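Q: Below is one structure. I have some questions about it.
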Amino acid sequence: MLSLTDLGWNPQRSDAPATGDCVVGRVSRVDRGIVSVLTTGGPTRIRIPNRLLATQDSDQLPSVGDWVLLAGEEIDRVLARTSAVTRKVAGERTRAQVVAANIDVVFVVDDASAPPKGRRIERYLALAWESGALPVVLLNKTDATQDAESAVEHARAVSLGVDVHAVSARTGAGLELLTKHLARGRTVVLIGPSGVGKSSLVNAFRGNRAMVTQDLRSDGKGRHTTAYREMHPLPSGALLIDTPGLREVGLWASEDGLDHTYADVVELAAQCQFRDCAHRTEPGCAVAAAIDTGDLDPARFASWLKLQREVARIQDRRSGWERAQAAAQLRARQRSYKAARDLERPRRPL
Ligand SMILES: Nc1nc2c(ncn2[C@@H]2O[C@H](COP(=O)(O)OP(=O)(O)OP(=O)(O)O)[C@@H](O)[C@H]2O)c(=O)[nH]1
Ligand SMILES: [Zn+2]
C-alpha cells in the first residue's frame with residue numbers, strides 16, 4: 001500500500017490531502033478522456049467529467065502528475081500545481097498543454113552519439129526552467145560513441161548552471177550519479193526529442209533491461225515509440241514521468257525560462273549603452289562586442305532572438321484572445337443585468 005508521501009505528496013502543500021468525503025489521488029496516465037489515478041487505496045480509472053472537458057482550461061483538466069480530489073467515482077477538481085512542464089499547442093488558437101505536473105526535477109534528454117544540436121537542448125532547457133522544477137541534462141547513448149566528452153562539453157556550454165550527465169540506458173553507465181534526484185517521493189519527468197532514449201532510461205531506472213535492447217529495425221518499423229505520458233513508481237521510491245517526444249516544443253507565454261537559459265546573453269544585453277538596444281549597429285552594444293571578441297557564439301545570440309520573438313508572438317495572440325473573452329463576458333453580464341431589470345420593473349396593475 002502506498003502512502004501519500006510515496007505518491008509524491010509534498011508536506012509543504014497548503015491544501016489539505018482530504019476534506020469531508022473526498023480523497024486525494026495522483027494522476028498517473030491520461031488517455032482519451034479517462035485518467036488512471038493512484039490513491040492510497042490502490043489504482044483506479046476514472047472518466048474525466050464533461051464539465052471539466054468542456055472548459056478546455058489547462059488549469060482544470062487533469063494531466064499526468066496532477067493531484068485530484070475524488071468525490072466517490074468522480075473527479076471533483078484538480079488541485080493547484082506547484083510546478084508544471086507546459087507546452088503550447090497550435091490550433092484554432094494557441095492553447096497551453098500540461099505535459100507533467102507537480103514535478104521536482106526535469107531530465108532534459110539528448111543523444112550523445114548524434115552530432116550535437118545545441119539549439120535543441122536550449123529549447124528544452126527553456127521549457128524545463130519555466131516549469132519551476134530543477135533541470136538536469138542527460139546525454140544518453142554514450143556507449144554508442146567514441147567521443148562522449150565533446151558532446152558533454154558542447155552541452156555544458158549551452159546549459160548554464162545546469163548539471164550535465166553522460167549516461168547510457170543500455171549499459172547503465174552514469175545512472176548511479178542520478179540517484180540523488182530519484183529519492184522516495186520525488187517526481188521526475190523526462191523530456192526530449194523522439195528517439196533519444198527516454199523510454200529506455202525509464203526502463204533502466206525501473207531495473208528492466210528487456211526493452212532497452214529493442215533495436216530499430218532496418219526498415220524503421222516496429223520500433224517502440226512512447227504513445228502515452230505515464231508516471232511510473234520506481235524501485236527507489238521516486239515517480240518517473242515518461243513523455244513522448246515533443247514534436248513541437250513551444251514556450252509558454254513567459255520569458256522566465258528564456259532568461260534563465262540565456263542568462264549570459266541577458267546579462268550582456270543589460271550592459272548595452274542604450275536600454276532599448278536592438279544589438280545590431282548601436283554604439284556601446286555589449287552583445288555585439290562579445291560576439292566580436294568571440295565571447296558569445298553568434299548562433300546562440302540568434303537563437304535567443306528567435307525564441308524571444310516566439311514568446312512575444314504567443315503573448316500577443318493570448319492577450320488578443322483574453323480581450324475577446326473579456327468582451328464576451330461583459331456582453332453576457334450586460335444581458336443578464338438587463339434581464340434582471342426587466343423582471344424587477346413594476347408591472348402596471350391590471
Ligand atoms: N546504443 C544505445 N541505444 C539506445 C540507448 N538508449 C536507447 N537506445 C535506442 O534508441 C532508440 C530509441 O529509444 P527510445 O527509448 O524509444 O527513445 P524515446 O526517447 O523514448 O523515443 P520516443 O518514445 O519516440 O519519444 C531505441 O532503438 C533504443 O534501443 C543507449 O543508451 N545506447
Ligand atoms: Zn546591444
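Ordering of the C-alpha cells sets the chain letters (A, B, ...); residue numbers start at 1 within each chain; ligands are numbered from 1 in the order shown.
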Name each residue within 12 Å of ligand 2, counting only C-alpha atoms and all ligand atoms, as a PyMOL selection string.

A: chain A and resi 265-291+301+305

Q: Which polymer residues have any atom within 9 Å of an atom of A:Gly33, counting only C-alpha atoms, with same-chain residues fewer than 6 positions away left out, as a list in words?

A: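 My list of contacting residues is Ile46, Arg47, Ile48, Pro49, Asn50 and Leu53 of chain A.
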
Q: Atoms to include: all heavy atoms. Write the selected residues as a PDB file, in the first residue's frame.

A:
```
ATOM      1  N   ILE A  46     -10.806   6.519 -13.992  1.00  0.00           N
ATOM      2  CA  ILE A  46     -11.981   7.383 -13.883  1.00  0.00           C
ATOM      3  C   ILE A  46     -12.153   8.204 -15.152  1.00  0.00           C
ATOM      4  O   ILE A  46     -11.178   8.683 -15.735  1.00  0.00           O
ATOM      5  CB  ILE A  46     -11.817   8.364 -12.686  1.00  0.00           C
ATOM      6  CG1 ILE A  46     -11.610   7.577 -11.394  1.00  0.00           C
ATOM      7  CG2 ILE A  46     -13.025   9.271 -12.561  1.00  0.00           C
ATOM      8  CD1 ILE A  46     -11.327   8.451 -10.208  1.00  0.00           C
ATOM      9  N   ARG A  47     -13.399   8.333 -15.581  1.00  0.00           N
ATOM     10  CA  ARG A  47     -13.702   9.173 -16.735  1.00  0.00           C
ATOM     11  C   ARG A  47     -13.613  10.648 -16.325  1.00  0.00           C
ATOM     12  O   ARG A  47     -14.053  11.007 -15.233  1.00  0.00           O
ATOM     13  CB  ARG A  47     -15.116   8.833 -17.220  1.00  0.00           C
ATOM     14  CG  ARG A  47     -15.491   9.395 -18.556  1.00  0.00           C
ATOM     15  CD  ARG A  47     -16.770   8.742 -19.053  1.00  0.00           C
ATOM     16  NE  ARG A  47     -16.546   7.364 -19.493  1.00  0.00           N
ATOM     17  CZ  ARG A  47     -15.982   7.044 -20.654  1.00  0.00           C
ATOM     18  NH1 ARG A  47     -15.578   7.984 -21.483  1.00  0.00           N
ATOM     19  NH2 ARG A  47     -15.808   5.780 -20.993  1.00  0.00           N
ATOM     20  N   ILE A  48     -13.038  11.464 -17.195  1.00  0.00           N
ATOM     21  CA  ILE A  48     -12.992  12.903 -16.896  1.00  0.00           C
ATOM     22  C   ILE A  48     -14.385  13.475 -17.138  1.00  0.00           C
ATOM     23  O   ILE A  48     -14.942  13.297 -18.216  1.00  0.00           O
ATOM     24  CB  ILE A  48     -11.973  13.635 -17.797  1.00  0.00           C
ATOM     25  CG1 ILE A  48     -10.581  13.011 -17.646  1.00  0.00           C
ATOM     26  CG2 ILE A  48     -11.923  15.122 -17.468  1.00  0.00           C
ATOM     27  CD1 ILE A  48      -9.556  13.559 -18.632  1.00  0.00           C
ATOM     28  N   PRO A  49     -14.974  14.135 -16.139  1.00  0.00           N
ATOM     29  CA  PRO A  49     -16.338  14.635 -16.326  1.00  0.00           C
ATOM     30  C   PRO A  49     -16.420  15.664 -17.455  1.00  0.00           C
ATOM     31  O   PRO A  49     -15.488  16.441 -17.665  1.00  0.00           O
ATOM     32  CB  PRO A  49     -16.688  15.266 -14.976  1.00  0.00           C
ATOM     33  CG  PRO A  49     -15.443  15.313 -14.181  1.00  0.00           C
ATOM     34  CD  PRO A  49     -14.431  14.428 -14.814  1.00  0.00           C
ATOM     35  N   ASN A  50     -17.541  15.642 -18.153  1.00  0.00           N
ATOM     36  CA  ASN A  50     -17.723  16.545 -19.291  1.00  0.00           C
ATOM     37  C   ASN A  50     -17.582  18.011 -18.909  1.00  0.00           C
ATOM     38  O   ASN A  50     -17.077  18.805 -19.688  1.00  0.00           O
ATOM     39  CB  ASN A  50     -19.091  16.320 -19.937  1.00  0.00           C
ATOM     40  CG  ASN A  50     -19.094  15.032 -20.741  1.00  0.00           C
ATOM     41  OD1 ASN A  50     -18.044  14.590 -21.214  1.00  0.00           O
ATOM     42  ND2 ASN A  50     -20.254  14.418 -20.865  1.00  0.00           N
ATOM     43  N   LEU A  53     -13.988  18.670 -19.222  1.00  0.00           N
ATOM     44  CA  LEU A  53     -13.549  18.619 -20.620  1.00  0.00           C
ATOM     45  C   LEU A  53     -14.007  19.862 -21.362  1.00  0.00           C
ATOM     46  O   LEU A  53     -13.278  20.424 -22.176  1.00  0.00           O
ATOM     47  CB  LEU A  53     -14.116  17.373 -21.308  1.00  0.00           C
ATOM     48  CG  LEU A  53     -13.487  16.040 -20.913  1.00  0.00           C
ATOM     49  CD1 LEU A  53     -14.245  14.886 -21.560  1.00  0.00           C
ATOM     50  CD2 LEU A  53     -12.016  15.988 -21.302  1.00  0.00           C
TER      51      LEU A  53
END
```

Q: With distances taken over only C-alpha atoms, which residue among A:Glu130, A:Glu230, A:Asp59, A:Asp21 lies nearest A:Ala100?

A: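 Using only C-alpha atoms, A:Ala100 sits closest to A:Glu230.
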
Q: Using Å and a single decimal, report how far atom CA of A:Ser199 sits from atom 11 (C, counted along the ligand's line) of ligand 1.

A: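 Pair atom 11 (C, counted along the ligand's line) of ligand 1 / atom CA of A:Ser199 returns 8.5 Å.
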
Q: For A:Arg81, find every residue with an atom within 12 Å (counting only C-alpha atoms), except residues of its own chain fewer than 6 positions away, and show them as a list in words.

A: Trp9, Asn10, Arg13, Ser14, Asp15, Arg26, Ser58, Asp59, Gln60, Leu61, Pro62, Ser63, Val64, Gly65, Asp66, Trp67, Val68, Val98, Ala100, Ala101, Asn102, Ile103, Asp104, Ser131, Gly132 and Ala133 of chain A

Q: Using only C-alpha atoms and all ligand atoms, find the one residue out of A:Leu134, A:Leu258, A:Ala148, A:Ala238 that sits nearest to ligand 1.

A: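 With only C-alpha atoms and all ligand atoms as the atom set, the closest residue is A:Ala148.
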
Q: Name the closest residue to ligand 1 among the candidates A:Thr5, A:Thr39, A:Thr55, A:Thr145; distances are taken between atoms, counting only C-alpha atoms and all ligand atoms.

A: A:Thr145

Q: Which polymer residues have any atom within 8 Å of an atom of A:Val196, counting only C-alpha atoms, with same-chain residues fewer than 3 positions away left out, as a ChimeraX atom specification?

A: /A:109-111,140-141,192-193

Q: Using only C-alpha atoms for the distances, tell me which of A:Val188, A:Val202, A:Val35, A:Leu52 is nearest to A:Ser83.

A: A:Val188

Q: How far is it from atom CA of A:Thr40 to atom CA of A:Leu4, in Å with one decimal?

A: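 Pair atom CA of A:Thr40 / atom CA of A:Leu4 returns 6.3 Å.
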
Q: Just list as a PDB file with C-alpha atoms, in the first residue's frame whatever in stretch 2-49 of chain A DSSP marks as strand (DSSP E or B).

A:
```pdb
ATOM      1  CA  CYS A  22     -13.233  13.491  -0.763  1.00  0.00           C
ATOM      2  CA  VAL A  23      -9.948  11.647  -1.157  1.00  0.00           C
ATOM      3  CA  VAL A  24      -6.848  12.772  -2.972  1.00  0.00           C
ATOM      4  CA  GLY A  25      -5.271  10.782  -5.776  1.00  0.00           C
ATOM      5  CA  ARG A  26      -2.460  11.299  -8.253  1.00  0.00           C
ATOM      6  CA  VAL A  27      -2.966  11.034 -11.994  1.00  0.00           C
ATOM      7  CA  SER A  28      -0.535   8.507 -13.478  1.00  0.00           C
ATOM      8  CA  ARG A  29      -1.862   8.436 -17.022  1.00  0.00           C
ATOM      9  CA  VAL A  30      -4.399  10.170 -19.250  1.00  0.00           C
ATOM     10  CA  ASP A  31      -5.905   8.627 -22.357  1.00  0.00           C
ATOM     11  CA  ILE A  34     -10.006   8.528 -18.965  1.00  0.00           C
ATOM     12  CA  VAL A  35      -7.463   9.049 -16.223  1.00  0.00           C
ATOM     13  CA  SER A  36      -5.593   6.433 -14.227  1.00  0.00           C
ATOM     14  CA  VAL A  37      -5.323   7.617 -10.652  1.00  0.00           C
ATOM     15  CA  LEU A  38      -3.096   6.262  -7.887  1.00  0.00           C
ATOM     16  CA  THR A  39      -4.624   6.537  -4.434  1.00  0.00           C
ATOM     17  CA  GLY A  42      -4.863   1.429  -4.851  1.00  0.00           C
ATOM     18  CA  PRO A  43      -5.074   2.397  -8.527  1.00  0.00           C
ATOM     19  CA  THR A  44      -8.339   3.326 -10.199  1.00  0.00           C
ATOM     20  CA  ARG A  45      -9.548   4.515 -13.605  1.00  0.00           C
ATOM     21  CA  ILE A  46     -11.981   7.383 -13.883  1.00  0.00           C
ATOM     22  CA  ARG A  47     -13.702   9.173 -16.735  1.00  0.00           C
TER      23      ARG A  47
END
```

Q: What lies within 8 Å of A:His232 using only C-alpha atoms, ignoring chain neighbours under 2 positions off, as a list in words?

A: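 Here the qualifying residues turn out to be Ser28, Glu230, Leu234, Leu239, Leu240, Ile241 and Asp242 of chain A.
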
Q: Measuring atom to atom with only C-alpha atoms and all ligand atoms, identify which of A:Thr179, A:Ser200, A:Ser150, A:Thr187 is nearest to ligand 1.

A: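 Checking each candidate against ligand 1, we get A:Ser200 as the closest.
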
Q: Mind pulling up the distance from atom CA of A:Gln308 to atom 21 (O, counted along the ligand's line) of ligand 1?

A: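 Result for atom 21 (O, counted along the ligand's line) of ligand 1 versus atom CA of A:Gln308: 27.9 Å, one decimal.
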
Q: From the DSSP assignment of the backbone, select every residue of stretch 102-288 of chain A that is helix (DSSP H, G or I), and format the answer as a short mmCIF file (atom, residue, chain, number, x, y, z; two decimals) with N, CA and C atoms, in the first residue's frame.

A:
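Result written to states03.cif:
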```
data_model
loop_
_atom_site.label_atom_id
_atom_site.label_comp_id
_atom_site.auth_asym_id
_atom_site.auth_seq_id
_atom_site.Cartn_x
_atom_site.Cartn_y
_atom_site.Cartn_z
N GLY A 118 23.02 21.99 -30.21
CA GLY A 118 22.96 22.86 -29.04
C GLY A 118 21.66 23.61 -28.94
N ARG A 119 21.18 24.08 -30.08
CA ARG A 119 19.94 24.86 -30.06
C ARG A 119 18.78 24.04 -29.53
N ARG A 120 18.84 22.75 -29.82
CA ARG A 120 17.78 21.86 -29.39
C ARG A 120 17.76 21.75 -27.86
N ILE A 121 18.93 21.55 -27.27
CA ILE A 121 18.99 21.48 -25.81
C ILE A 121 18.49 22.78 -25.19
N GLU A 122 18.85 23.89 -25.81
CA GLU A 122 18.44 25.19 -25.27
C GLU A 122 16.92 25.31 -25.22
N ARG A 123 16.27 24.84 -26.27
CA ARG A 123 14.80 24.94 -26.31
C ARG A 123 14.18 24.12 -25.19
N TYR A 124 14.67 22.90 -25.01
CA TYR A 124 14.11 22.06 -23.95
C TYR A 124 14.46 22.61 -22.57
N LEU A 125 15.64 23.21 -22.46
CA LEU A 125 16.02 23.80 -21.17
C LEU A 125 15.11 24.97 -20.80
N ALA A 126 14.76 25.76 -21.80
CA ALA A 126 13.87 26.89 -21.53
C ALA A 126 12.54 26.37 -20.99
N LEU A 127 12.06 25.30 -21.61
CA LEU A 127 10.82 24.66 -21.17
C LEU A 127 10.96 24.14 -19.73
N ALA A 128 12.12 23.56 -19.46
CA ALA A 128 12.37 22.98 -18.13
C ALA A 128 12.45 24.08 -17.07
N TRP A 129 13.20 25.14 -17.36
CA TRP A 129 13.30 26.24 -16.39
C TRP A 129 11.94 26.82 -16.09
N GLU A 130 11.15 26.96 -17.14
CA GLU A 130 9.86 27.60 -16.97
C GLU A 130 8.91 26.76 -16.10
N SER A 131 9.20 25.47 -16.00
CA SER A 131 8.31 24.58 -15.24
C SER A 131 8.35 24.87 -13.75
N THR A 142 25.95 7.10 -24.57
CA THR A 142 27.39 7.30 -24.57
C THR A 142 28.12 6.02 -24.97
N ASP A 143 27.42 4.86 -24.88
CA ASP A 143 28.05 3.60 -25.31
C ASP A 143 28.23 3.56 -26.82
N ALA A 144 27.48 4.39 -27.53
CA ALA A 144 27.49 4.31 -29.00
C ALA A 144 28.40 5.35 -29.64
N ALA A 148 32.14 10.87 -26.31
CA ALA A 148 31.08 11.41 -25.46
C ALA A 148 31.55 12.73 -24.85
N GLU A 149 32.87 12.84 -24.65
CA GLU A 149 33.42 14.02 -23.98
C GLU A 149 33.07 15.31 -24.70
N SER A 150 33.19 15.30 -26.04
CA SER A 150 32.92 16.56 -26.75
C SER A 150 31.42 16.85 -26.76
N ALA A 151 30.60 15.80 -26.73
CA ALA A 151 29.15 16.02 -26.64
C ALA A 151 28.83 16.68 -25.30
N VAL A 152 29.48 16.21 -24.25
CA VAL A 152 29.25 16.78 -22.92
C VAL A 152 29.72 18.23 -22.88
N GLU A 153 30.90 18.46 -23.46
CA GLU A 153 31.45 19.82 -23.48
C GLU A 153 30.50 20.77 -24.19
N HIS A 154 30.01 20.30 -25.33
CA HIS A 154 29.09 21.12 -26.10
C HIS A 154 27.82 21.42 -25.32
N ALA A 155 27.30 20.41 -24.64
CA ALA A 155 26.07 20.60 -23.87
C ALA A 155 26.31 21.54 -22.69
N ARG A 156 27.49 21.39 -22.04
CA ARG A 156 27.80 22.25 -20.89
C ARG A 156 27.83 23.71 -21.31
N ALA A 157 28.35 23.96 -22.52
CA ALA A 157 28.49 25.34 -22.99
C ALA A 157 27.14 26.03 -23.13
N VAL A 158 26.09 25.26 -23.36
CA VAL A 158 24.78 25.89 -23.54
C VAL A 158 23.86 25.68 -22.34
N LEU A 175 24.28 6.20 -14.56
CA LEU A 175 22.96 6.31 -13.93
C LEU A 175 23.05 6.43 -12.42
N GLU A 176 24.13 5.86 -11.84
CA GLU A 176 24.24 5.86 -10.38
C GLU A 176 24.36 7.29 -9.83
N LEU A 177 24.89 8.21 -10.66
CA LEU A 177 25.03 9.59 -10.19
C LEU A 177 23.69 10.32 -10.14
N LEU A 178 22.66 9.69 -10.67
CA LEU A 178 21.35 10.35 -10.70
C LEU A 178 20.46 9.95 -9.53
N THR A 179 20.95 9.01 -8.71
CA THR A 179 20.09 8.51 -7.63
C THR A 179 19.68 9.62 -6.67
N LYS A 180 20.52 10.67 -6.55
CA LYS A 180 20.16 11.76 -5.63
C LYS A 180 18.87 12.46 -6.07
N HIS A 181 18.57 12.39 -7.37
CA HIS A 181 17.34 13.02 -7.85
C HIS A 181 16.14 12.07 -7.76
N LYS A 198 14.39 8.15 -24.03
CA LYS A 198 13.67 8.45 -22.78
C LYS A 198 13.03 7.19 -22.19
N SER A 199 12.33 6.44 -23.05
CA SER A 199 11.67 5.22 -22.56
C SER A 199 12.71 4.20 -22.11
N SER A 200 13.83 4.13 -22.83
CA SER A 200 14.89 3.20 -22.44
C SER A 200 15.44 3.57 -21.07
N LEU A 201 15.56 4.87 -20.81
CA LEU A 201 16.03 5.31 -19.49
C LEU A 201 15.03 4.94 -18.41
N VAL A 202 13.73 5.12 -18.71
CA VAL A 202 12.71 4.73 -17.74
C VAL A 202 12.87 3.25 -17.41
N ASN A 203 13.05 2.44 -18.46
CA ASN A 203 13.21 1.01 -18.23
C ASN A 203 14.46 0.69 -17.43
N ALA A 204 15.54 1.40 -17.72
CA ALA A 204 16.77 1.18 -16.97
C ALA A 204 16.58 1.54 -15.50
N PHE A 205 15.91 2.66 -15.25
CA PHE A 205 15.67 3.08 -13.86
C PHE A 205 14.73 2.11 -13.15
N ASP A 256 10.51 33.93 -18.40
CA ASP A 256 11.31 33.41 -17.29
C ASP A 256 12.29 32.34 -17.74
N GLY A 257 11.74 31.33 -18.44
CA GLY A 257 12.55 30.20 -18.88
C GLY A 257 13.67 30.66 -19.78
N LEU A 258 13.37 31.59 -20.66
CA LEU A 258 14.37 32.12 -21.59
C LEU A 258 15.48 32.84 -20.85
N ASP A 259 15.09 33.69 -19.90
CA ASP A 259 16.08 34.49 -19.17
C ASP A 259 17.05 33.60 -18.42
N HIS A 260 16.53 32.46 -17.92
CA HIS A 260 17.40 31.52 -17.22
C HIS A 260 18.36 30.83 -18.18
N THR A 261 17.78 30.36 -19.29
CA THR A 261 18.58 29.60 -20.25
C THR A 261 19.66 30.46 -20.88
N ALA A 263 21.01 33.31 -19.57
CA ALA A 263 21.41 34.29 -18.55
C ALA A 263 22.62 35.10 -19.01
N ASP A 264 23.55 34.46 -19.74
CA ASP A 264 24.75 35.17 -20.20
C ASP A 264 24.39 36.27 -21.19
N VAL A 265 23.48 35.97 -22.12
CA VAL A 265 23.10 36.97 -23.13
C VAL A 265 22.32 38.10 -22.46
N VAL A 266 21.42 37.71 -21.53
CA VAL A 266 20.61 38.71 -20.83
C VAL A 266 21.53 39.67 -20.06
N GLU A 267 22.57 39.10 -19.45
CA GLU A 267 23.48 39.92 -18.67
C GLU A 267 24.25 40.89 -19.58
N LEU A 268 24.68 40.37 -20.74
CA LEU A 268 25.38 41.24 -21.70
C LEU A 268 24.45 42.36 -22.16
N ALA A 269 23.22 41.98 -22.51
CA ALA A 269 22.27 42.97 -23.04
C ALA A 269 22.02 44.08 -22.03
N ALA A 270 22.11 43.71 -20.74
CA ALA A 270 21.88 44.72 -19.69
C ALA A 270 23.02 45.73 -19.64
N ALA A 286 27.00 45.86 -25.91
CA ALA A 286 27.84 44.86 -25.24
C ALA A 286 27.70 43.49 -25.89
N VAL A 287 26.54 43.23 -26.48
CA VAL A 287 26.31 41.95 -27.15
C VAL A 287 27.19 41.84 -28.39
N ALA A 288 27.16 42.90 -29.21
CA ALA A 288 27.97 42.91 -30.43
C ALA A 288 29.45 42.80 -30.08
#
```

Q: Closest to ligand 1 among A:Gly41, A:Pro11, A:Gly174, A:Pro244, using only C-alpha atoms and all ligand atoms?

A: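 Checking each of A:Gly41, A:Pro11, A:Gly174, A:Pro244 against ligand 1, counting only C-alpha atoms and all ligand atoms, the winner is A:Pro244.
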